[in-house]
file upload-v8.cif (mmCIF, C-alpha atoms)
data_data
loop_
_atom_site.group_PDB
_atom_site.id
_atom_site.type_symbol
_atom_site.label_atom_id
_atom_site.label_comp_id
_atom_site.auth_asym_id
_atom_site.auth_seq_id
_atom_site.Cartn_x
_atom_site.Cartn_y
_atom_site.Cartn_z
ATOM 1 C CA MET W 1020 26.320 -50.302 39.283
ATOM 2 C CA THR W 1021 28.152 -51.691 42.307
ATOM 3 C CA LEU W 1022 31.826 -52.535 42.166
ATOM 4 C CA LYS W 1023 31.015 -56.233 42.367
ATOM 5 C CA GLU W 1024 28.614 -55.932 39.396
ATOM 6 C CA ARG W 1025 31.235 -53.990 37.432
ATOM 7 C CA ILE W 1026 33.818 -56.719 38.038
ATOM 8 C CA GLU W 1027 31.291 -59.374 36.953
ATOM 9 C CA SER W 1028 30.483 -57.415 33.789
ATOM 10 C CA ASP W 1029 34.163 -56.923 32.949
ATOM 11 C CA PHE W 1030 34.745 -60.630 33.628
ATOM 12 C CA LYS W 1031 32.158 -61.507 30.980
ATOM 13 C CA SER W 1032 33.777 -59.074 28.531
ATOM 14 C CA ALA W 1033 37.213 -60.597 29.169
ATOM 15 C CA LEU W 1034 35.727 -64.049 28.684
ATOM 16 C CA LYS W 1035 34.318 -63.080 25.289
ATOM 17 C CA ALA W 1036 37.606 -61.392 24.312
ATOM 18 C CA LYS W 1037 39.614 -64.408 25.554
ATOM 19 C CA ASP W 1038 41.844 -62.072 27.586
ATOM 20 C CA VAL W 1039 43.775 -64.651 29.626
ATOM 21 C CA LEU W 1040 45.428 -62.218 32.051
ATOM 22 C CA ARG W 1041 42.252 -60.348 32.958
ATOM 23 C CA LEU W 1042 40.283 -63.603 33.212
ATOM 24 C CA SER W 1043 42.798 -64.971 35.690
ATOM 25 C CA VAL W 1044 42.634 -61.785 37.785
ATOM 26 C CA PHE W 1045 38.827 -61.676 37.729
ATOM 27 C CA ARG W 1046 38.614 -65.327 38.786
ATOM 28 C CA MET W 1047 41.002 -64.628 41.653
ATOM 29 C CA VAL W 1048 39.022 -61.525 42.713
ATOM 30 C CA LYS W 1049 35.651 -63.262 42.444
ATOM 31 C CA THR W 1050 36.912 -66.190 44.529
ATOM 32 C CA ALA W 1051 38.358 -63.870 47.185
ATOM 33 C CA VAL W 1052 35.100 -61.896 47.332
ATOM 34 C CA MET W 1053 33.042 -65.078 47.603
ATOM 35 C CA ASN W 1054 35.314 -66.377 50.398
ATOM 36 C CA LYS W 1055 34.969 -63.080 52.255
ATOM 37 C CA GLU W 1056 31.162 -63.243 51.903
ATOM 38 C CA ILE W 1057 31.157 -66.762 53.345
ATOM 39 C CA GLU W 1058 33.485 -65.695 56.152
ATOM 40 C CA ALA W 1059 31.343 -62.637 56.966
ATOM 41 C CA LYS W 1060 28.126 -64.644 56.510
ATOM 42 C CA VAL W 1061 26.586 -62.099 54.149
ATOM 43 C CA MET W 1062 24.817 -62.571 50.835
ATOM 44 C CA SER W 1063 26.774 -59.874 49.028
ATOM 45 C CA LEU W 1064 29.630 -57.565 49.984
ATOM 46 C CA ASP W 1065 29.127 -53.836 49.589
ATOM 47 C CA ASP W 1066 31.672 -51.692 47.720
ATOM 48 C CA ALA W 1067 33.692 -51.110 50.904
ATOM 49 C CA GLY W 1068 33.961 -54.868 51.444
ATOM 50 C CA VAL W 1069 35.053 -55.463 47.860
ATOM 51 C CA ILE W 1070 37.643 -52.684 48.177
ATOM 52 C CA THR W 1071 38.976 -54.371 51.318
ATOM 53 C CA VAL W 1072 39.361 -57.619 49.372
ATOM 54 C CA LEU W 1073 41.055 -55.773 46.493
ATOM 55 C CA SER W 1074 43.423 -54.072 48.938
ATOM 56 C CA SER W 1075 44.368 -57.420 50.398
ATOM 57 C CA LEU W 1076 45.004 -58.897 46.951
ATOM 58 C CA SER W 1077 47.010 -55.822 45.991
ATOM 59 C CA LYS W 1078 49.191 -56.137 49.072
ATOM 60 C CA LYS W 1079 49.801 -59.841 48.388
ATOM 61 C CA ALA W 1080 50.750 -59.057 44.789
ATOM 62 C CA MET W 1081 53.249 -56.388 45.881
ATOM 63 C CA GLU W 1082 54.814 -58.820 48.351
ATOM 64 C CA SER W 1083 55.031 -61.470 45.628
ATOM 65 C CA ILE W 1084 56.652 -59.030 43.219
ATOM 66 C CA GLU W 1085 59.273 -58.181 45.825
ATOM 67 C CA GLN W 1086 60.003 -61.849 46.503
ATOM 68 C CA PHE W 1087 60.161 -62.781 42.824
ATOM 69 C CA GLU W 1088 62.554 -59.919 42.113
ATOM 70 C CA LYS W 1089 64.779 -60.987 45.012
ATOM 71 C CA GLY W 1090 64.734 -64.529 43.652
ATOM 72 C CA GLY W 1091 65.656 -63.424 40.140
ATOM 73 C CA ARG W 1092 62.326 -64.478 38.642
ATOM 74 C CA ALA W 1093 61.594 -61.455 36.467
ATOM 75 C CA ASP W 1094 59.030 -63.431 34.451
ATOM 76 C CA LEU W 1095 56.857 -64.118 37.492
ATOM 77 C CA ALA W 1096 57.384 -60.581 38.816
ATOM 78 C CA ASP W 1097 56.193 -59.168 35.478
ATOM 79 C CA LYS W 1098 53.081 -61.372 35.571
ATOM 80 C CA GLU W 1099 52.276 -60.174 39.110
ATOM 81 C CA LYS W 1100 52.822 -56.544 38.049
ATOM 82 C CA ALA W 1101 50.372 -56.967 35.170
ATOM 83 C CA GLU W 1102 47.803 -58.512 37.522
ATOM 84 C CA LEU W 1103 48.360 -55.695 40.016
ATOM 85 C CA VAL W 1104 47.535 -53.104 37.330
ATOM 86 C CA VAL W 1105 44.175 -54.803 36.726
ATOM 87 C CA ILE W 1106 43.407 -55.026 40.462
ATOM 88 C CA LYS W 1107 44.330 -51.386 41.086
ATOM 89 C CA SER W 1108 42.067 -50.249 38.244
ATOM 90 C CA TYR W 1109 39.098 -51.206 40.448
ATOM 91 C CA MET W 1110 40.385 -49.485 43.574
ATOM 92 C CA PRO W 1111 39.785 -45.843 44.465
ATOM 93 C CA ALA W 1112 42.565 -43.384 43.635
ATOM 94 C CA ALA W 1113 45.434 -43.462 46.105
ATOM 95 C CA LEU W 1114 45.756 -40.617 48.568
ATOM 96 C CA THR W 1115 48.716 -38.264 48.292
ATOM 97 C CA ASP W 1116 51.085 -37.863 51.244
ATOM 98 C CA GLU W 1117 49.596 -34.447 51.934
ATOM 99 C CA GLU W 1118 46.038 -35.832 51.979
ATOM 100 C CA ILE W 1119 47.087 -38.607 54.360
ATOM 101 C CA ILE W 1120 48.720 -36.108 56.719
ATOM 102 C CA ASN W 1121 45.557 -33.960 56.672
ATOM 103 C CA LEU W 1122 43.380 -37.005 57.427
ATOM 104 C CA VAL W 1123 45.717 -38.017 60.269
ATOM 105 C CA ASP W 1124 45.498 -34.516 61.765
ATOM 106 C CA GLN W 1125 41.696 -34.534 61.467
ATOM 107 C CA ALA W 1126 41.456 -37.995 63.052
ATOM 108 C CA ILE W 1127 43.645 -36.920 65.979
ATOM 109 C CA LEU W 1128 41.386 -33.911 66.598
ATOM 110 C CA GLU W 1129 38.217 -35.953 66.106
ATOM 111 C CA SER W 1130 39.290 -38.686 68.535
ATOM 112 C CA GLY W 1131 40.687 -36.277 71.113
ATOM 113 C CA ALA W 1132 43.986 -38.166 71.205
ATOM 114 C CA THR W 1133 46.636 -36.735 73.513
ATOM 115 C CA GLY W 1134 49.532 -39.160 73.145
ATOM 116 C CA PRO W 1135 50.828 -42.510 71.888
ATOM 117 C CA LYS W 1136 48.460 -44.439 74.168
ATOM 118 C CA ASP W 1137 45.533 -43.130 72.090
ATOM 119 C CA MET W 1138 46.768 -44.641 68.819
ATOM 120 C CA GLY W 1139 43.881 -47.129 68.728
ATOM 121 C CA LYS W 1140 41.298 -44.349 68.963
ATOM 122 C CA VAL W 1141 42.898 -42.472 66.088
ATOM 123 C CA MET W 1142 43.227 -45.553 63.875
ATOM 124 C CA LYS W 1143 39.580 -46.437 64.532
ATOM 125 C CA VAL W 1144 38.551 -43.046 63.131
ATOM 126 C CA LEU W 1145 41.146 -43.024 60.346
ATOM 127 C CA THR W 1146 40.980 -46.547 58.908
ATOM 128 C CA PRO W 1147 37.556 -46.221 57.208
ATOM 129 C CA LYS W 1148 38.707 -42.994 55.545
ATOM 130 C CA THR W 1149 41.920 -44.492 54.146
ATOM 131 C CA ALA W 1150 40.842 -48.069 53.406
ATOM 132 C CA GLY W 1151 41.979 -49.088 49.947
ATOM 133 C CA ARG W 1152 43.429 -45.643 49.313
ATOM 134 C CA ALA W 1153 46.570 -45.695 51.458
ATOM 135 C CA ASP W 1154 48.963 -48.305 52.838
ATOM 136 C CA GLY W 1155 47.890 -49.017 56.412
ATOM 137 C CA LYS W 1156 51.499 -49.407 57.497
ATOM 138 C CA ILE W 1157 52.384 -45.895 56.316
ATOM 139 C CA VAL W 1158 49.243 -44.429 57.903
ATOM 140 C CA SER W 1159 50.034 -46.170 61.181
ATOM 141 C CA GLN W 1160 53.606 -44.840 61.156
ATOM 142 C CA LEU W 1161 52.380 -41.298 60.524
ATOM 143 C CA VAL W 1162 49.880 -41.522 63.388
ATOM 144 C CA GLN W 1163 52.550 -42.877 65.702
ATOM 145 C CA LYS W 1164 54.961 -40.094 64.718
ATOM 146 C CA LYS W 1165 52.308 -37.375 65.227
ATOM 147 C CA LEU W 1166 51.187 -38.756 68.583
ATOM 148 C CA SER W 1167 54.764 -39.159 69.843
ATOM 149 C CA SER W 1168 55.387 -35.460 69.257
ATOM 150 C CA LYS W 1169 52.386 -34.467 71.425
#
call {"tool": "encode", "arguments": {"input": "upload-v8.cif", "output": "structure tokens"}}
result
Amino acid sequence: MTLKERIESDFKSALKAKDVLRLSVFRMVKTAVMNKEIEAKVMSLDDAGVITVLSSLSKKAMESIEQFEKGGRADLADKEKAELVVIKSYMPAALTDEEIINLVDQAILESGATGPKDMGKVMKVLTPKTAGRADGKIVSQLVQKKLSSK
């Protein structure tokens, strides 16, 4: 069963159970996936495409939580946190710091990078391996740090 099919199946279950929170999240995810399919001009996204959409939604939710907490809107922050839990349940397990460092080292060797000017080469190799499993900003900072020390 693909990730998209699993989300559709769980959507139907949430509909039958009248689970308002999960229904809202599934509708948001399904809409984002459909928009991405239209944008990419494909009939159906593969699991990697769906994970990319989920990562994007996850990032937006984290940004919203931060803004709501700054604004003193704990109620909205709590709602976003609950939605984030549902979204993350469909994403692959997050990489540990150690795993990210190992992947960065491997990508540097694989791409033959020799300094900061080769950051693009390294990220091209690394991004597919970390997509949906690590924050791109953190990965980018680690690559930059490693390449600067070369």
call {"tool": "atom_distance", "arguments": {"input": "upload-v8.cif", "atom1": "atom CA of Leu1128 of chain W", "atom2": "atom CA of Leu1073 of chain W"}}
result
29.7 Å
call {"tool": "closest_residue", "arguments": {"input": "upload-v8.cif", "among": "W:Ile1157, W:Met1138, W:Val1052, W:Ile1106", "to": "Ala1067 of chain W", "atoms": "all atoms listed in the file"}}
result
W:Val1052
call {"tool": "atom_distance", "arguments": {"input": "upload-v8.cif", "atom1": "atom CA of Leu1064 of chain W", "atom2": "atom CA of Thr1149 of chain W"}}
result
18.4 Å
call {"tool": "residues_around", "arguments": {"input": "upload-v8.cif", "residues": "Asp1124 of chain W", "least_positions_apart": "6", "cutoff": "10 Å", "atoms": "only C-alpha atoms", "output": "list in words"}}
result
Glu1118, Val1141, Leu1145, Leu1161, Val1162, Lys1165 and Leu1166 of chain W
call {"tool": "resolve_selection", "arguments": {"input": "upload-v8.cif", "expression": "the PyMOL selection byres ((chain W and resi 1097-1102) around 10)", "output": "list in words"}}
result
Leu1040, Arg1041, Ser1043, Val1044, Phe1045, Leu1076, Ser1077, Lys1079, Ala1080, Met1081, Glu1082, Ser1083, Ile1084, Glu1085, Phe1087, Glu1088, Arg1092, Ala1093, Asp1094, Leu1095, Ala1096, Leu1103, Val1104, Val1105, Ile1106 and Lys1107 of chain W
call {"tool": "residues_around", "arguments": {"input": "upload-v8.cif", "residues": "Lys1140 of chain W", "least_positions_apart": "2", "cutoff": "10 Å", "atoms": "only C-alpha atoms", "output": "MDAnalysis selection string"}}
result
chainID W and resid 1126:1127 1129:1132 1136:1138 1142:1145
call {"tool": "atom_distance", "arguments": {"input": "upload-v8.cif", "atom1": "atom CA of Ser1108 of chain W", "atom2": "atom CA of Ile1070 of chain W"}}
result
11.1 Å
call {"tool": "closest_residue", "arguments": {"input": "upload-v8.cif", "among": "W:Lys1023, W:Lys1031, W:Gln1160, W:Ser1074", "to": "Met1053 of chain W", "atoms": "only C-alpha atoms"}}
result
W:Lys1023
call {"tool": "residues_around", "arguments": {"input": "upload-v8.cif", "residues": "Val1158 of chain W", "least_positions_apart": "4", "cutoff": "10 Å", "atoms": "only C-alpha atoms", "output": "list of chain:residue names"}}
result
W:Asp1116, W:Ile1119, W:Ile1120, W:Leu1122, W:Val1123, W:Met1142, W:Leu1145, W:Thr1146, W:Thr1149, W:Ala1153, W:Asp1154, W:Val1162, W:Gln1163, W:Lys1164
call {"tool": "resolve_selection", "arguments": {"input": "upload-v8.cif", "expression": "the PyMOL selection byres ((chain W and resi 1026) around 10)", "output": "JSON, numbers by chain"}}
result
{"W": [1020, 1021, 1022, 1023, 1024, 1025, 1027, 1028, 1029, 1030, 1031, 1032, 1045, 1046, 1048, 1049, 1069, 1109]}
call {"tool": "residues_around", "arguments": {"input": "upload-v8.cif", "residues": "Lys1055 of chain W", "least_positions_apart": "5", "cutoff": "9 Å", "atoms": "all atoms listed in the file", "output": "JSON, numbers by chain"}}
result
{"W": [1050, 1060, 1061, 1064, 1068, 1069, 1072]}
call {"tool": "closest_residue", "arguments": {"input": "upload-v8.cif", "among": "W:Ala1113, W:Ala1051, W:Val1039, W:Ala1033", "to": "Thr1071 of chain W", "atoms": "only C-alpha atoms"}}
result
W:Ala1051
call {"tool": "decode", "arguments": {"input": "upload-v8.cif", "residues": "segment 1020-1129 of chain W", "atoms": "C-alpha atoms", "output": "PDB file, in the first residue's frame"}}
result
ATOM      1  CA  MET W1020       0.000   0.000   0.000  1.00  0.00           C
ATOM      2  CA  THR W1021       1.434   3.375  -0.992  1.00  0.00           C
ATOM      3  CA  LEU W1022       1.564   6.252   1.445  1.00  0.00           C
ATOM      4  CA  LYS W1023      -1.117   8.076  -0.520  1.00  0.00           C
ATOM      5  CA  GLU W1024      -3.418   5.017  -0.339  1.00  0.00           C
ATOM      6  CA  ARG W1025      -2.754   4.697   3.397  1.00  0.00           C
ATOM      7  CA  ILE W1026      -3.714   8.337   3.955  1.00  0.00           C
ATOM      8  CA  GLU W1027      -6.894   7.832   1.893  1.00  0.00           C
ATOM      9  CA  SER W1028      -7.785   4.719   3.900  1.00  0.00           C
ATOM     10  CA  ASP W1029      -7.168   6.477   7.220  1.00  0.00           C
ATOM     11  CA  PHE W1030      -9.225   9.432   5.964  1.00  0.00           C
ATOM     12  CA  LYS W1031     -12.192   7.114   5.414  1.00  0.00           C
ATOM     13  CA  SER W1032     -11.726   5.622   8.891  1.00  0.00           C
ATOM     14  CA  ALA W1033     -11.615   9.097  10.453  1.00  0.00           C
ATOM     15  CA  LEU W1034     -14.729  10.027   8.504  1.00  0.00           C
ATOM     16  CA  LYS W1035     -16.614   7.027   9.882  1.00  0.00           C
ATOM     17  CA  ALA W1036     -15.325   7.732  13.412  1.00  0.00           C
ATOM     18  CA  LYS W1037     -16.195  11.447  13.073  1.00  0.00           C
ATOM     19  CA  ASP W1038     -12.679  12.365  14.237  1.00  0.00           C
ATOM     20  CA  VAL W1039     -12.725  16.107  13.508  1.00  0.00           C
ATOM     21  CA  LEU W1040      -9.008  16.757  14.052  1.00  0.00           C
ATOM     22  CA  ARG W1041      -7.786  13.911  11.858  1.00  0.00           C
ATOM     23  CA  LEU W1042     -10.376  14.723   9.181  1.00  0.00           C
ATOM     24  CA  SER W1043      -9.137  18.298   9.018  1.00  0.00           C
ATOM     25  CA  VAL W1044      -5.511  17.144   8.714  1.00  0.00           C
ATOM     26  CA  PHE W1045      -6.326  14.546   6.051  1.00  0.00           C
ATOM     27  CA  ARG W1046      -8.269  17.107   4.013  1.00  0.00           C
ATOM     28  CA  MET W1047      -5.328  19.498   4.227  1.00  0.00           C
ATOM     29  CA  VAL W1048      -2.858  16.749   3.218  1.00  0.00           C
ATOM     30  CA  LYS W1049      -5.030  15.478   0.369  1.00  0.00           C
ATOM     31  CA  THR W1050      -5.445  19.014  -0.989  1.00  0.00           C
ATOM     32  CA  ALA W1051      -1.701  19.697  -0.771  1.00  0.00           C
ATOM     33  CA  VAL W1052      -0.929  16.403  -2.528  1.00  0.00           C
ATOM     34  CA  MET W1053      -3.476  17.119  -5.255  1.00  0.00           C
ATOM     35  CA  ASN W1054      -2.031  20.628  -5.760  1.00  0.00           C
ATOM     36  CA  LYS W1055       1.474  19.185  -6.012  1.00  0.00           C
ATOM     37  CA  GLU W1056       0.270  16.624  -8.588  1.00  0.00           C
ATOM     38  CA  ILE W1057      -1.278  19.408 -10.665  1.00  0.00           C
ATOM     39  CA  GLU W1058       1.873  21.507 -10.333  1.00  0.00           C
ATOM     40  CA  ALA W1059       4.110  18.573 -11.324  1.00  0.00           C
ATOM     41  CA  LYS W1060       1.656  17.488 -14.041  1.00  0.00           C
ATOM     42  CA  VAL W1061       1.552  13.884 -12.848  1.00  0.00           C
ATOM     43  CA  MET W1062      -1.387  11.568 -12.268  1.00  0.00           C
ATOM     44  CA  SER W1063      -0.229  10.415  -8.848  1.00  0.00           C
ATOM     45  CA  LEU W1064       2.692  11.294  -6.590  1.00  0.00           C
ATOM     46  CA  ASP W1065       4.971   8.502  -5.441  1.00  0.00           C
ATOM     47  CA  ASP W1066       5.825   8.048  -1.749  1.00  0.00           C
ATOM     48  CA  ALA W1067       8.811  10.406  -2.032  1.00  0.00           C
ATOM     49  CA  GLY W1068       6.556  13.126  -3.447  1.00  0.00           C
ATOM     50  CA  VAL W1069       3.992  12.651  -0.690  1.00  0.00           C
ATOM     51  CA  ILE W1070       6.763  12.789   1.924  1.00  0.00           C
ATOM     52  CA  THR W1071       7.951  16.069   0.401  1.00  0.00           C
ATOM     53  CA  VAL W1072       4.430  17.470   0.753  1.00  0.00           C
ATOM     54  CA  LEU W1073       4.208  16.201   4.344  1.00  0.00           C
ATOM     55  CA  SER W1074       7.578  17.779   5.141  1.00  0.00           C
ATOM     56  CA  SER W1075       6.377  21.093   3.794  1.00  0.00           C
ATOM     57  CA  LEU W1076       3.175  20.919   5.839  1.00  0.00           C
ATOM     58  CA  SER W1077       5.176  19.935   8.909  1.00  0.00           C
ATOM     59  CA  LYS W1078       7.491  22.904   8.499  1.00  0.00           C
ATOM     60  CA  LYS W1079       4.535  25.283   8.090  1.00  0.00           C
ATOM     61  CA  ALA W1080       2.911  23.861  11.222  1.00  0.00           C
ATOM     62  CA  MET W1081       6.099  24.344  13.264  1.00  0.00           C
ATOM     63  CA  GLU W1082       6.363  27.942  12.060  1.00  0.00           C
ATOM     64  CA  SER W1083       2.713  28.528  12.966  1.00  0.00           C
ATOM     65  CA  ILE W1084       3.211  27.050  16.423  1.00  0.00           C
ATOM     66  CA  GLU W1085       6.137  29.389  17.014  1.00  0.00           C
ATOM     67  CA  GLN W1086       4.140  32.417  15.877  1.00  0.00           C
ATOM     68  CA  PHE W1087       1.065  31.492  17.905  1.00  0.00           C
ATOM     69  CA  GLU W1088       3.166  31.002  21.030  1.00  0.00           C
ATOM     70  CA  LYS W1089       4.834  34.384  20.505  1.00  0.00           C
ATOM     71  CA  GLY W1090       1.397  35.937  20.092  1.00  0.00           C
ATOM     72  CA  GLY W1091       0.054  34.339  23.261  1.00  0.00           C
ATOM     73  CA  ARG W1092      -2.440  32.141  21.419  1.00  0.00           C
ATOM     74  CA  ALA W1093      -1.899  28.857  23.243  1.00  0.00           C
ATOM     75  CA  ASP W1094      -5.223  27.505  21.951  1.00  0.00           C
ATOM     76  CA  LEU W1095      -4.177  27.818  18.312  1.00  0.00           C
ATOM     77  CA  ALA W1096      -0.658  26.569  19.092  1.00  0.00           C
ATOM     78  CA  ASP W1097      -2.141  23.465  20.744  1.00  0.00           C
ATOM     79  CA  LYS W1098      -4.347  22.809  17.701  1.00  0.00           C
ATOM     80  CA  GLU W1099      -1.319  23.083  15.383  1.00  0.00           C
ATOM     81  CA  LYS W1100       0.681  20.752  17.656  1.00  0.00           C
ATOM     82  CA  ALA W1101      -2.085  18.145  17.499  1.00  0.00           C
ATOM     83  CA  GLU W1102      -2.196  18.425  13.701  1.00  0.00           C
ATOM     84  CA  LEU W1103       1.594  18.147  13.547  1.00  0.00           C
ATOM     85  CA  VAL W1104       1.466  14.845  15.467  1.00  0.00           C
ATOM     86  CA  VAL W1105      -0.899  13.412  12.842  1.00  0.00           C
ATOM     87  CA  ILE W1106       1.255  14.668   9.948  1.00  0.00           C
ATOM     88  CA  LYS W1107       4.470  13.313  11.472  1.00  0.00           C
ATOM     89  CA  SER W1108       2.881   9.888  11.958  1.00  0.00           C
ATOM     90  CA  TYR W1109       2.999   9.479   8.162  1.00  0.00           C
ATOM     91  CA  MET W1110       6.593  10.629   7.776  1.00  0.00           C
ATOM     92  CA  PRO W1111       9.645   8.385   8.045  1.00  0.00           C
ATOM     93  CA  ALA W1112      11.467   8.345  11.383  1.00  0.00           C
ATOM     94  CA  ALA W1113      13.699  11.358  11.919  1.00  0.00           C
ATOM     95  CA  LEU W1114      17.435  10.894  11.624  1.00  0.00           C
ATOM     96  CA  THR W1115      19.591  11.279  14.719  1.00  0.00           C
ATOM     97  CA  ASP W1116      22.372  13.877  14.766  1.00  0.00           C
ATOM     98  CA  GLU W1117      24.929  11.099  14.442  1.00  0.00           C
ATOM     99  CA  GLU W1118      23.175   9.625  11.388  1.00  0.00           C
ATOM    100  CA  ILE W1119      23.018  13.055   9.751  1.00  0.00           C
ATOM    101  CA  ILE W1120      26.734  13.623  10.343  1.00  0.00           C
ATOM    102  CA  ASN W1121      27.523  10.200   8.832  1.00  0.00           C
ATOM    103  CA  LEU W1122      25.368  10.964   5.773  1.00  0.00           C
ATOM    104  CA  VAL W1123      27.063  14.361   5.382  1.00  0.00           C
ATOM    105  CA  ASP W1124      30.502  12.718   5.510  1.00  0.00           C
ATOM    106  CA  GLN W1125      29.438  10.095   2.955  1.00  0.00           C
ATOM    107  CA  ALA W1126      27.975  12.751   0.641  1.00  0.00           C
ATOM    108  CA  ILE W1127      31.179  14.806   0.804  1.00  0.00           C
ATOM    109  CA  LEU W1128      33.226  11.740  -0.169  1.00  0.00           C
ATOM    110  CA  GLU W1129      30.734  10.692  -2.842  1.00  0.00           C
TER     111      GLU W1129
END
